[in-house]
file structure34.txt (compact mmCIF, C-alpha atoms)
# COMPACT_ATOMS: atom_id res chain seq x y z
CA MET C 252 105.17 80.70 143.42
CA ALA C 253 104.79 82.94 140.39
CA ASP C 254 101.26 83.52 139.18
CA HIS C 255 100.05 82.76 135.67
CA ASP C 256 97.53 84.62 133.58
CA LEU C 257 94.15 83.13 132.80
CA GLN C 258 91.61 84.96 130.65
CA CYS C 259 88.05 84.55 131.89
CA SER C 260 86.02 82.80 129.22
CA HIS C 261 82.95 84.80 130.25
CA CYS C 262 84.07 88.43 130.56
CA SER C 263 87.69 88.33 129.22
CA GLN C 264 89.09 89.65 132.53
CA ILE C 265 92.70 88.57 133.13
CA LEU C 266 93.03 86.54 136.32
CA ALA C 267 96.24 85.90 138.30
CA VAL C 268 96.28 82.16 139.03
CA PRO C 269 98.80 80.35 141.31
CA GLN C 270 100.81 77.54 139.73
CA ASP C 271 99.32 74.94 142.09
CA SER C 272 95.83 75.54 140.66
CA HIS C 273 96.18 72.94 137.89
CA GLY C 274 92.83 71.32 137.13
CA ARG C 275 90.91 73.51 139.55
CA LEU C 276 87.86 75.66 138.84
CA ILE C 277 88.78 79.33 139.15
CA HIS C 278 85.97 81.83 139.73
CA CYS C 279 86.35 85.25 138.14
CA GLU C 280 86.22 88.07 140.69
CA SER C 281 84.45 90.33 138.18
CA CYS C 282 81.67 88.14 136.78
CA LEU C 283 81.91 85.10 139.12
CA GLY C 284 82.11 82.83 136.08
CA ALA C 285 83.86 79.46 136.51
CA ASN C 286 87.02 78.71 134.51
CA ARG C 287 89.03 75.47 134.38
CA PHE C 288 92.78 76.12 134.74
CA HIS C 289 95.37 73.75 133.26
CA PHE C 290 99.13 74.09 133.81
CA PRO C 291 101.29 74.19 131.89
CA HIS C 292 99.36 75.74 129.02
CA THR C 293 99.50 73.42 126.06
CA ARG C 294 96.81 73.90 123.47
CA ASN C 295 95.44 77.24 124.64
CA GLN C 296 98.63 79.17 125.38
CA VAL C 297 99.66 81.67 122.73
CA SER C 298 103.14 83.13 123.06
CA GLY C 299 104.82 86.19 121.58
CA GLY C 300 103.80 88.76 118.95
CA TRP C 301 100.11 89.26 118.31
CA GLY C 302 99.24 86.28 120.53
CA LYS C 303 99.26 88.73 123.44
CA ILE C 304 95.88 89.89 122.19
CA ILE C 305 94.37 86.89 124.02
CA ARG C 306 96.27 87.11 127.32
CA ARG C 307 97.37 90.71 127.85
CA PRO C 308 94.87 93.33 126.59
CA VAL C 309 96.76 96.31 128.08
CA GLN C 310 100.01 95.29 126.45
CA THR C 311 98.08 94.60 123.25
CA LEU C 312 96.69 98.14 123.17
CA GLN C 313 100.19 99.52 123.69
CA LEU C 314 101.44 97.37 120.83
CA LEU C 315 98.58 98.57 118.61
CA ALA C 316 99.43 102.18 119.45
CA THR C 317 103.08 101.59 118.53
CA LYS C 318 102.11 99.93 115.26
CA LEU C 319 99.75 102.80 114.49
CA LYS C 320 102.45 105.39 115.22
CA GLU C 321 104.85 103.54 112.92
CA LYS C 322 102.18 103.51 110.23
CA LEU C 323 101.52 107.24 110.55
CA THR C 324 105.19 108.08 110.20
CA LEU C 325 105.10 106.43 106.80
CA TYR C 326 102.61 108.99 105.50
CA ASP C 327 104.06 111.52 103.08
CA ASP C 328 103.86 114.89 104.83
CA GLY C 329 105.59 116.77 102.01
CA SER C 330 108.76 117.53 103.97
CA GLN C 331 111.06 115.09 102.16
CA ASN C 332 113.36 116.79 99.65
CA TYR C 333 111.55 120.07 100.26
CA ALA C 334 112.58 122.95 98.01
CA SER C 335 111.45 126.51 98.63
CA MET C 336 108.32 127.44 96.71
CA ASN C 337 109.15 131.15 96.78
CA CYS C 338 110.93 132.80 93.87
CA ASP C 339 112.05 135.91 95.72
CA ASN C 340 114.10 136.46 98.85
CA ASN C 341 112.43 139.81 99.49
CA PHE C 342 108.81 139.13 98.66
CA PHE C 343 107.37 141.48 101.23
CA LEU C 344 109.00 144.55 99.70
CA SER C 345 108.07 144.22 96.03
CA PRO C 346 107.42 141.67 93.28
CA SER C 347 110.64 140.00 92.15
CA ASP C 348 110.66 141.51 88.67
CA GLY C 349 109.18 144.89 89.63
CA ALA C 350 106.13 144.29 87.43
CA HIS C 351 102.49 144.43 88.40
CA HIS C 352 100.85 141.00 88.37
CA GLY C 353 97.13 140.83 87.68
CA LYS C 354 97.04 137.49 89.48
CA ARG C 355 98.56 137.24 92.93
CA ALA C 356 98.30 134.55 95.63
CA PHE C 357 99.30 134.07 99.25
CA LEU C 358 99.46 130.40 100.29
CA CYS C 359 99.93 129.45 103.93
CA GLY C 360 100.38 125.95 105.37
CA VAL C 361 100.94 125.35 109.09
CA SER C 362 102.04 121.89 110.26
CA TYR C 363 102.71 122.75 113.94
CA LYS C 364 105.89 120.67 113.95
CA ARG C 365 106.96 119.34 117.34
CA GLN C 366 103.61 120.40 118.79
CA LYS C 367 100.90 118.18 120.20
CA HIS C 368 98.35 118.91 117.48
CA LYS C 369 100.59 118.41 114.45
CA LEU C 370 99.00 118.41 111.00
CA ILE C 371 100.56 116.06 108.48
CA GLY C 372 98.93 117.27 105.26
CA ALA C 373 99.44 121.06 105.33
CA ILE C 374 102.59 121.18 103.17
CA ASN C 375 101.06 118.79 100.65
CA ASP C 376 98.02 121.04 100.50
CA VAL C 377 100.07 124.14 99.75
CA ARG C 378 102.11 122.35 97.11
CA SER C 379 98.93 121.04 95.43
CA MET C 380 97.24 124.45 95.49
CA ARG C 381 100.31 126.14 94.06
CA LYS C 382 100.41 123.60 91.23
CA LEU C 383 96.73 124.23 90.50
CA LEU C 384 97.27 127.99 90.33
CA LEU C 385 100.29 127.62 88.05
CA GLU C 386 98.94 124.99 85.66
CA THR C 387 95.20 125.61 85.53
CA TYR C 388 94.79 129.32 86.31
CA HIS C 389 98.17 130.51 84.96
CA PHE C 390 99.35 132.49 87.97
CA PRO C 391 102.95 133.68 87.53
CA LYS C 392 105.22 131.80 89.95
CA GLU C 393 106.78 135.17 90.83
CA ALA C 394 103.40 136.29 92.18
CA ILE C 395 102.80 133.39 94.58
CA LEU C 396 103.96 133.95 98.16
CA VAL C 397 104.28 130.80 100.29
CA LEU C 398 104.60 130.50 104.07
CA THR C 399 105.33 127.06 105.56
CA GLU C 400 107.54 125.76 108.34
CA MET C 401 109.93 124.32 105.74
CA GLU C 402 110.64 127.72 104.19
CA PRO C 403 113.55 129.98 105.28
CA ALA C 404 113.13 131.95 108.50
CA GLY C 405 111.63 135.00 106.79
CA TYR C 406 108.83 132.88 105.36
CA LEU C 407 107.67 130.90 108.37
CA PRO C 408 103.89 131.05 109.06
CA THR C 409 104.17 133.17 112.19
CA LYS C 410 101.45 135.62 113.10
CA LYS C 411 103.62 138.57 112.11
CA ASN C 412 104.52 137.06 108.73
CA ILE C 413 100.89 136.20 107.97
CA GLN C 414 99.90 139.78 108.73
CA ARG C 415 102.67 141.04 106.46
CA ALA C 416 101.54 138.66 103.73
CA PHE C 417 97.99 140.04 103.94
CA GLU C 418 99.41 143.52 103.36
CA TRP C 419 101.44 142.24 100.39
CA LEU C 420 98.42 140.54 98.84
CA VAL C 421 96.32 143.69 98.53
CA ARG C 422 99.17 146.12 97.86
CA ASP C 423 98.97 148.15 94.64
CA MET C 424 95.84 146.34 93.43
CA ARG C 425 94.21 147.45 90.19
CA PRO C 426 90.81 146.85 88.58
CA GLY C 427 90.77 143.42 86.95
CA ASP C 428 93.14 141.86 89.48
CA SER C 429 92.47 138.36 90.84
CA LEU C 430 93.76 137.71 94.37
CA VAL C 431 93.85 134.37 96.20
CA PHE C 432 94.38 133.65 99.88
CA TYR C 433 94.79 129.96 100.71
CA TYR C 434 95.23 128.52 104.20
CA SER C 435 95.73 124.97 105.47
CA GLY C 436 96.05 124.70 109.24
CA HIS C 437 94.15 124.75 112.49
CA GLY C 438 91.16 126.99 113.07
CA LEU C 439 89.35 127.69 116.33
CA ARG C 440 86.46 129.71 117.73
CA GLN C 441 86.26 132.20 120.56
CA LEU C 442 83.51 134.25 122.16
CA ASP C 443 82.57 137.43 120.31
CA PHE C 444 82.40 140.47 122.57
CA ASN C 445 81.69 143.01 119.81
CA GLU C 446 78.21 141.73 118.93
CA ASP C 447 79.12 141.40 115.26
CA GLU C 448 78.61 137.63 114.97
CA LEU C 449 75.16 136.09 114.57
CA ASP C 450 76.22 132.92 116.41
CA GLY C 451 78.15 134.76 119.12
CA PHE C 452 81.57 133.40 118.11
CA ASP C 453 84.57 134.77 116.23
CA GLU C 454 86.39 132.32 113.97
CA THR C 455 90.18 132.26 114.08
CA LEU C 456 93.29 131.00 112.28
CA CYS C 457 96.20 129.56 114.27
CA PRO C 458 99.69 130.62 113.14
CA MET C 459 102.61 128.40 114.14
CA ASP C 460 103.30 130.65 117.15
CA TYR C 461 99.68 131.11 118.23
CA LYS C 462 100.45 130.02 121.79
CA GLU C 463 102.81 132.96 122.22
CA ALA C 464 101.56 135.55 119.69
CA GLY C 465 97.86 134.72 119.72
CA MET C 466 95.41 133.76 117.01
CA ILE C 467 94.25 135.78 114.01
CA ILE C 468 90.53 136.47 114.31
CA ASP C 469 88.06 136.92 111.47
CA ASN C 470 87.60 140.62 112.24
CA GLU C 471 91.29 141.23 111.58
CA ILE C 472 91.24 139.23 108.35
CA ASN C 473 88.25 141.22 107.13
CA VAL C 474 90.01 144.52 107.79
CA ALA C 475 93.25 143.32 106.18
CA ILE C 476 92.08 141.80 102.89
CA VAL C 477 88.33 142.43 102.44
CA ARG C 478 87.78 146.08 103.29
CA PRO C 479 90.55 147.36 100.94
CA LEU C 480 89.16 145.62 97.79
CA ILE C 481 88.45 148.27 95.16
CA GLU C 482 85.94 147.97 92.33
CA GLY C 483 86.99 145.48 89.68
CA VAL C 484 89.17 143.39 92.03
CA THR C 485 88.16 139.86 93.05
CA LEU C 486 89.47 138.04 96.11
CA HIS C 487 89.01 134.31 96.67
CA ALA C 488 89.80 132.92 100.11
CA ILE C 489 90.09 129.12 100.27
CA VAL C 490 90.42 128.12 103.91
CA ASP C 491 90.96 124.48 104.85
CA SER C 492 90.55 124.56 108.62
CA CYS C 493 88.00 123.80 111.29
CA HIS C 494 85.27 126.40 111.93
CA SER C 495 86.09 128.22 108.68
CA GLY C 496 82.60 128.83 107.30
CA THR C 497 82.54 132.60 107.87
CA ILE C 498 86.25 133.23 108.38
CA LEU C 499 86.15 136.43 106.30
CA ASP C 500 82.96 137.80 107.95
CA LEU C 501 81.32 138.34 104.55
CA ALA C 502 77.78 139.68 104.27
CA TYR C 503 76.14 136.63 102.69
CA VAL C 504 76.39 132.90 103.37
CA TYR C 505 74.95 130.35 100.95
CA ASP C 506 72.60 127.78 102.47
CA LYS C 507 72.97 124.67 100.30
CA GLU C 508 69.90 122.95 101.70
CA LYS C 509 67.61 125.94 101.13
CA GLU C 510 69.48 126.89 97.94
CA GLN C 511 69.51 130.55 98.86
CA TRP C 512 71.77 133.22 100.32
CA GLU C 513 71.38 134.06 104.01
CA ASP C 514 72.10 137.48 105.47
CA ASN C 515 75.25 137.30 107.62
CA ARG C 516 75.71 141.02 108.27
CA PRO C 517 76.72 141.80 111.87
CA PRO C 518 73.99 142.64 114.41
CA SER C 519 76.16 145.50 115.66
CA GLY C 520 75.89 147.24 112.31
CA ALA C 521 79.65 147.22 111.78
CA ASP C 522 80.63 147.78 108.16
CA LYS C 523 82.50 144.74 106.85
CA SER C 524 81.92 145.32 103.15
CA THR C 525 84.53 145.84 100.44
CA ALA C 526 85.46 149.14 98.80
CA GLY C 527 83.62 148.03 95.67
CA GLY C 528 85.38 144.74 94.88
CA LEU C 529 84.11 141.18 95.21
CA ALA C 530 85.21 138.86 98.01
CA VAL C 531 84.34 135.16 97.89
CA SER C 532 85.23 132.63 100.58
CA LEU C 533 85.21 128.85 100.43
CA GLY C 534 85.51 127.40 103.91
CA ALA C 535 86.25 123.74 104.53
CA CYS C 536 83.18 123.42 106.73
CA LYS C 537 80.46 125.28 108.58
CA ASP C 538 81.43 127.31 111.63
CA LYS C 539 80.29 124.56 114.01
CA GLN C 540 82.06 121.76 112.14
CA LEU C 541 85.55 120.26 112.06
CA ALA C 542 87.69 119.76 108.96
CA ALA C 543 89.60 116.54 108.31
CA ASP C 544 93.29 115.95 107.58
CA THR C 545 93.17 112.51 105.94
CA SER C 546 94.69 109.89 103.68
CA ALA C 547 91.28 108.61 102.56
CA PHE C 548 91.77 110.00 99.05
CA THR C 549 95.46 109.26 98.47
CA LYS C 550 96.24 106.29 100.78
CA LYS C 551 99.76 107.34 101.78
CA ARG C 552 99.81 111.10 101.22
CA MET C 553 98.01 113.13 103.85
CA THR C 554 95.91 116.05 102.64
CA GLY C 555 93.11 118.31 103.76
CA ALA C 556 89.82 116.77 102.68
CA MET C 557 88.47 120.09 101.43
CA THR C 558 91.63 120.92 99.47
CA TRP C 559 91.68 117.55 97.74
CA SER C 560 87.98 117.70 96.86
CA LEU C 561 88.27 121.22 95.39
CA ILE C 562 91.29 120.41 93.25
CA HIS C 563 89.71 117.13 92.16
CA ALA C 564 86.55 118.97 91.06
CA VAL C 565 88.55 121.45 88.96
CA ARG C 566 90.64 118.68 87.42
CA LEU C 567 87.48 116.80 86.42
CA LYS C 568 85.90 119.86 84.83
CA SER C 569 88.05 122.96 84.40
CA SER C 570 85.06 125.13 83.43
CA LEU C 571 82.45 124.87 86.17
CA THR C 572 80.17 127.11 88.19
CA TYR C 573 80.31 127.70 91.93
CA GLY C 574 77.27 125.47 92.34
CA GLU C 575 78.86 122.65 90.35
CA LEU C 576 82.03 123.03 92.40
CA LEU C 577 80.13 122.70 95.70
CA ASP C 578 78.18 119.68 94.42
CA SER C 579 81.35 117.92 93.30
CA MET C 580 83.15 118.65 96.55
CA LEU C 581 80.25 117.34 98.65
CA GLN C 582 80.14 114.15 96.61
CA SER C 583 83.89 113.59 97.00
CA LEU C 584 83.77 114.22 100.74
CA LYS C 585 80.92 111.74 101.15
CA LYS C 586 82.87 109.07 99.26
CA GLY C 587 85.99 109.85 101.26
CA ASP C 588 84.10 109.39 104.52
CA GLN C 589 82.81 106.02 103.36
CA SER C 590 86.32 104.99 102.35
CA SER C 591 87.91 106.09 105.63
CA ASN C 592 85.42 103.95 107.56
CA ALA C 593 85.61 100.87 105.36
CA CYS C 594 87.40 98.84 108.06
CA SER C 595 87.05 98.65 111.84
CA LEU C 596 90.51 100.06 112.61
CA ASN C 597 89.79 103.18 110.57
CA LYS C 598 86.61 103.68 112.52
CA VAL C 599 88.64 103.73 115.72
CA PHE C 600 91.79 105.60 114.70
CA GLN C 601 90.91 107.84 111.75
CA LYS C 602 88.83 110.98 111.95
CA ARG C 603 85.62 110.79 109.97
CA ILE C 604 85.04 113.26 107.15
CA ILE C 605 81.84 114.97 108.24
CA GLN C 606 82.02 118.49 106.83
CA ASP C 607 80.05 120.70 104.48
CA PRO C 608 82.06 123.22 102.43
CA GLN C 609 80.69 126.70 103.05
CA LEU C 610 80.40 129.42 100.41
CA SER C 611 80.14 133.05 101.47
CA ALA C 612 80.49 136.31 99.54
CA SER C 613 80.37 140.07 99.84
CA GLU C 614 77.42 140.12 97.43
CA GLU C 615 74.82 137.65 96.21
CA PHE C 616 75.05 135.90 92.82
CA ASP C 617 73.56 132.91 91.03
CA ILE C 618 75.92 130.09 91.99
CA TYR C 619 74.79 127.86 89.11
CA SER C 620 75.43 130.44 86.41
CA LYS C 621 78.52 132.29 87.67
CA PRO C 622 81.73 130.51 86.57
CA PHE C 623 84.32 129.66 89.19
CA GLN C 624 87.53 131.35 88.10
CA LEU C 625 90.66 132.27 90.00

call {"tool": "encode", "arguments": {"input": "structure34.txt", "output": "structure tokens"}}
result
Amino acid sequence: MADHDLQCSHCSQILAVPQDSHGRLIHCESCLGANRFHFPHTRNQVSGGWGKIIRRPVQTLQLLATKLKEKLTLYDDGSQNYASMNCDNNFFLSPSDGAHHGKRAFLCGVSYKRQKHKLIGAINDVRSMRKLLLETYHFPKEAILVLTEMEPAGYLPTKKNIQRAFEWLVRDMRPGDSLVFYYSGHGLRQLDFNEDELDGFDETLCPMDYKEAGMIIDNEINVAIVRPLIEGVTLHAIVDSCHSGTILDLAYVYDKEKEQWEDNRPPSGADKSTAGGLAVSLGACKDKQLAADTSAFTKKRMTGAMTWSLIHAVRLKSSLTYGELLDSMLQSLKKGDQSSNACSLNKVFQKRIIQDPQLSASEEFDIYSKPFQL
């Protein structure tokens, strides 16, 4: 005879019960609790759909996973009706109009499509940052270089293209120039063998082909876009990735709790300073922390938590200091974390937003008096 399922009323274990057990006491093999079995099920049997929650927990978890996957696919990842954000088909050679632009930006978003650790919000992040630069800080659209996996082949965020974009960003700089490097993607850490990291780890960025071409480590980024900065040039790096606190290896890191700058110069004595310019980095989190890709702020549109909080702060108050920016971002991230954990399912399936934006710079300054300007 075919067995029937009975859920133990004491420990919820599913028991296989023969059909001829009607009216008998069935003892659970796990907890030894007694259960009265009635066949056929009349009042207590639940059939189909979500009723399986009671009788078949394994199948129920599979159903929940399917429902969750269906829900995630509904999130706006920015790929629908995508149009190239680049204005030039030969960006890496020269600006499109041949003119020098006092404001120049390189924006990079890596989604890792068809890979295990896909990011849903990277394209949205790049689009939002580009809009901020155009509308609030008046960057010429001809001077904004974008690498995403939705761009043509020459503008994919491969390691080689990112390296070329770094070269483009600092090419032909002049005093008074404002440069911006923005990144939304994965970041990792690896052991430092050069003794130039206080914590013993190098921070890295992961291009779309990092498995084949390797990661881009902080030492390389410092050489590419920090060391060349001449006097009068300012570089802002806004990096929305895990472990991004000291991604540019700058000399000073701001401790928000102590409200003071901490010396981050390498123990090895390696020179990682600029050539007279100012480099400022805003990392999504401290080097030991993770950064969240979330819908907590926008419900259906995925975005990097740090990116959303920064843009939100600027939209609220266009003229603000670095200190006011950090305070606003921290407040938004705290609210976002509370929102993302408002229900039990979010607590299980959605990453919490536990990150502290990290400010670092090539020189110290008063963060509550110096205006934040790109």

call {"tool": "residues_around", "arguments": {"input": "structure34.txt", "residues": "Val531 (chain C)", "least_positions_apart": "2", "cutoff": "6 Å", "atoms": "only C-alpha atoms", "output": "number ranges by chain"}}
result
C: 487, 611-612

call {"tool": "atom_distance", "arguments": {"input": "structure34.txt", "atom1": "CA of Ser546 (chain C)", "atom2": "CA of Leu584 (chain C)"}}
result
12.1 Å

call {"tool": "closest_residue", "arguments": {"input": "structure34.txt", "among": "C:Tyr406, C:Tyr388, C:Phe548, C:Tyr333", "to": "Ile374 (chain C)", "atoms": "all atoms listed in the file"}}
result
C:Tyr333

call {"tool": "atom_distance", "arguments": {"input": "structure34.txt", "atom1": "CA of Asp453 (chain C)", "atom2": "CA of Leu486 (chain C)"}}
result
21.0 Å

call {"tool": "residues_around", "arguments": {"input": "structure34.txt", "residues": "Ile467 (chain C)", "least_positions_apart": "5", "cutoff": "8 Å", "atoms": "all atoms listed in the file", "output": "MDAnalysis selection string"}}
result
chainID C and resid 410 455:458 472

call {"tool": "residues_around", "arguments": {"input": "structure34.txt", "residues": "region 391-396 of chain C", "least_positions_apart": "4", "cutoff": "6 Å", "atoms": "all atoms listed in the file", "output": "PDB file with C-alpha atoms, keeping the file's coordinate frame"}}
result
ATOM      1  CA  CYS C 338     110.930 132.800  93.870  1.00  0.00           C
ATOM      2  CA  ARG C 355      98.560 137.240  92.930  1.00  0.00           C
ATOM      3  CA  ALA C 356      98.300 134.550  95.630  1.00  0.00           C
ATOM      4  CA  PHE C 357      99.300 134.070  99.250  1.00  0.00           C
TER       5      PHE C 357
END

call {"tool": "closest_residue", "arguments": {"input": "structure34.txt", "among": "C:Gly465, C:Thr497, C:Phe444, C:Ala488", "to": "Leu420 (chain C)", "atoms": "all atoms listed in the file"}}
result
C:Ala488

call {"tool": "axis_aligned_box", "arguments": {"input": "structure34.txt", "around": "region 527-545 of chain C", "padding_each_side": "5 Å", "output": "JSON"}}
result
{"center_x": 86.8, "center_y": 130.3, "center_z": 104.4, "size_x": 23.0, "size_y": 45.5, "size_z": 29.1}

call {"tool": "atom_distance", "arguments": {"input": "structure34.txt", "atom1": "CA of Gly353 (chain C)", "atom2": "CA of Ala530 (chain C)"}}
result
15.9 Å

call {"tool": "closest_residue", "arguments": {"input": "structure34.txt", "among": "C:Ala350, C:Leu385, C:Val431, C:Leu370", "to": "Val484 (chain C)", "atoms": "only C-alpha atoms"}}
result
C:Val431

call {"tool": "closest_residue", "arguments": {"input": "structure34.txt", "among": "C:Thr399, C:Asn332, C:Thr409, C:Ser495", "to": "Leu533 (chain C)", "atoms": "only C-alpha atoms"}}
result
C:Ser495

call {"tool": "closest_residue", "arguments": {"input": "structure34.txt", "among": "C:Leu610, C:Val565, C:Val397, C:Val477", "to": "Gln624 (chain C)", "atoms": "only C-alpha atoms"}}
result
C:Val565

call {"tool": "residues_around", "arguments": {"input": "structure34.txt", "residues": "Gln540 (chain C)", "least_positions_apart": "3", "cutoff": "7 Å", "atoms": "all atoms listed in the file", "output": "MDAnalysis selection string"}}
result
chainID C and resid 493:494 536:537 606

call {"tool": "closest_residue", "arguments": {"input": "structure34.txt", "among": "C:Phe390, C:Trp512, C:Tyr434, C:Phe623", "to": "Ser570 (chain C)", "atoms": "only C-alpha atoms"}}
result
C:Phe623
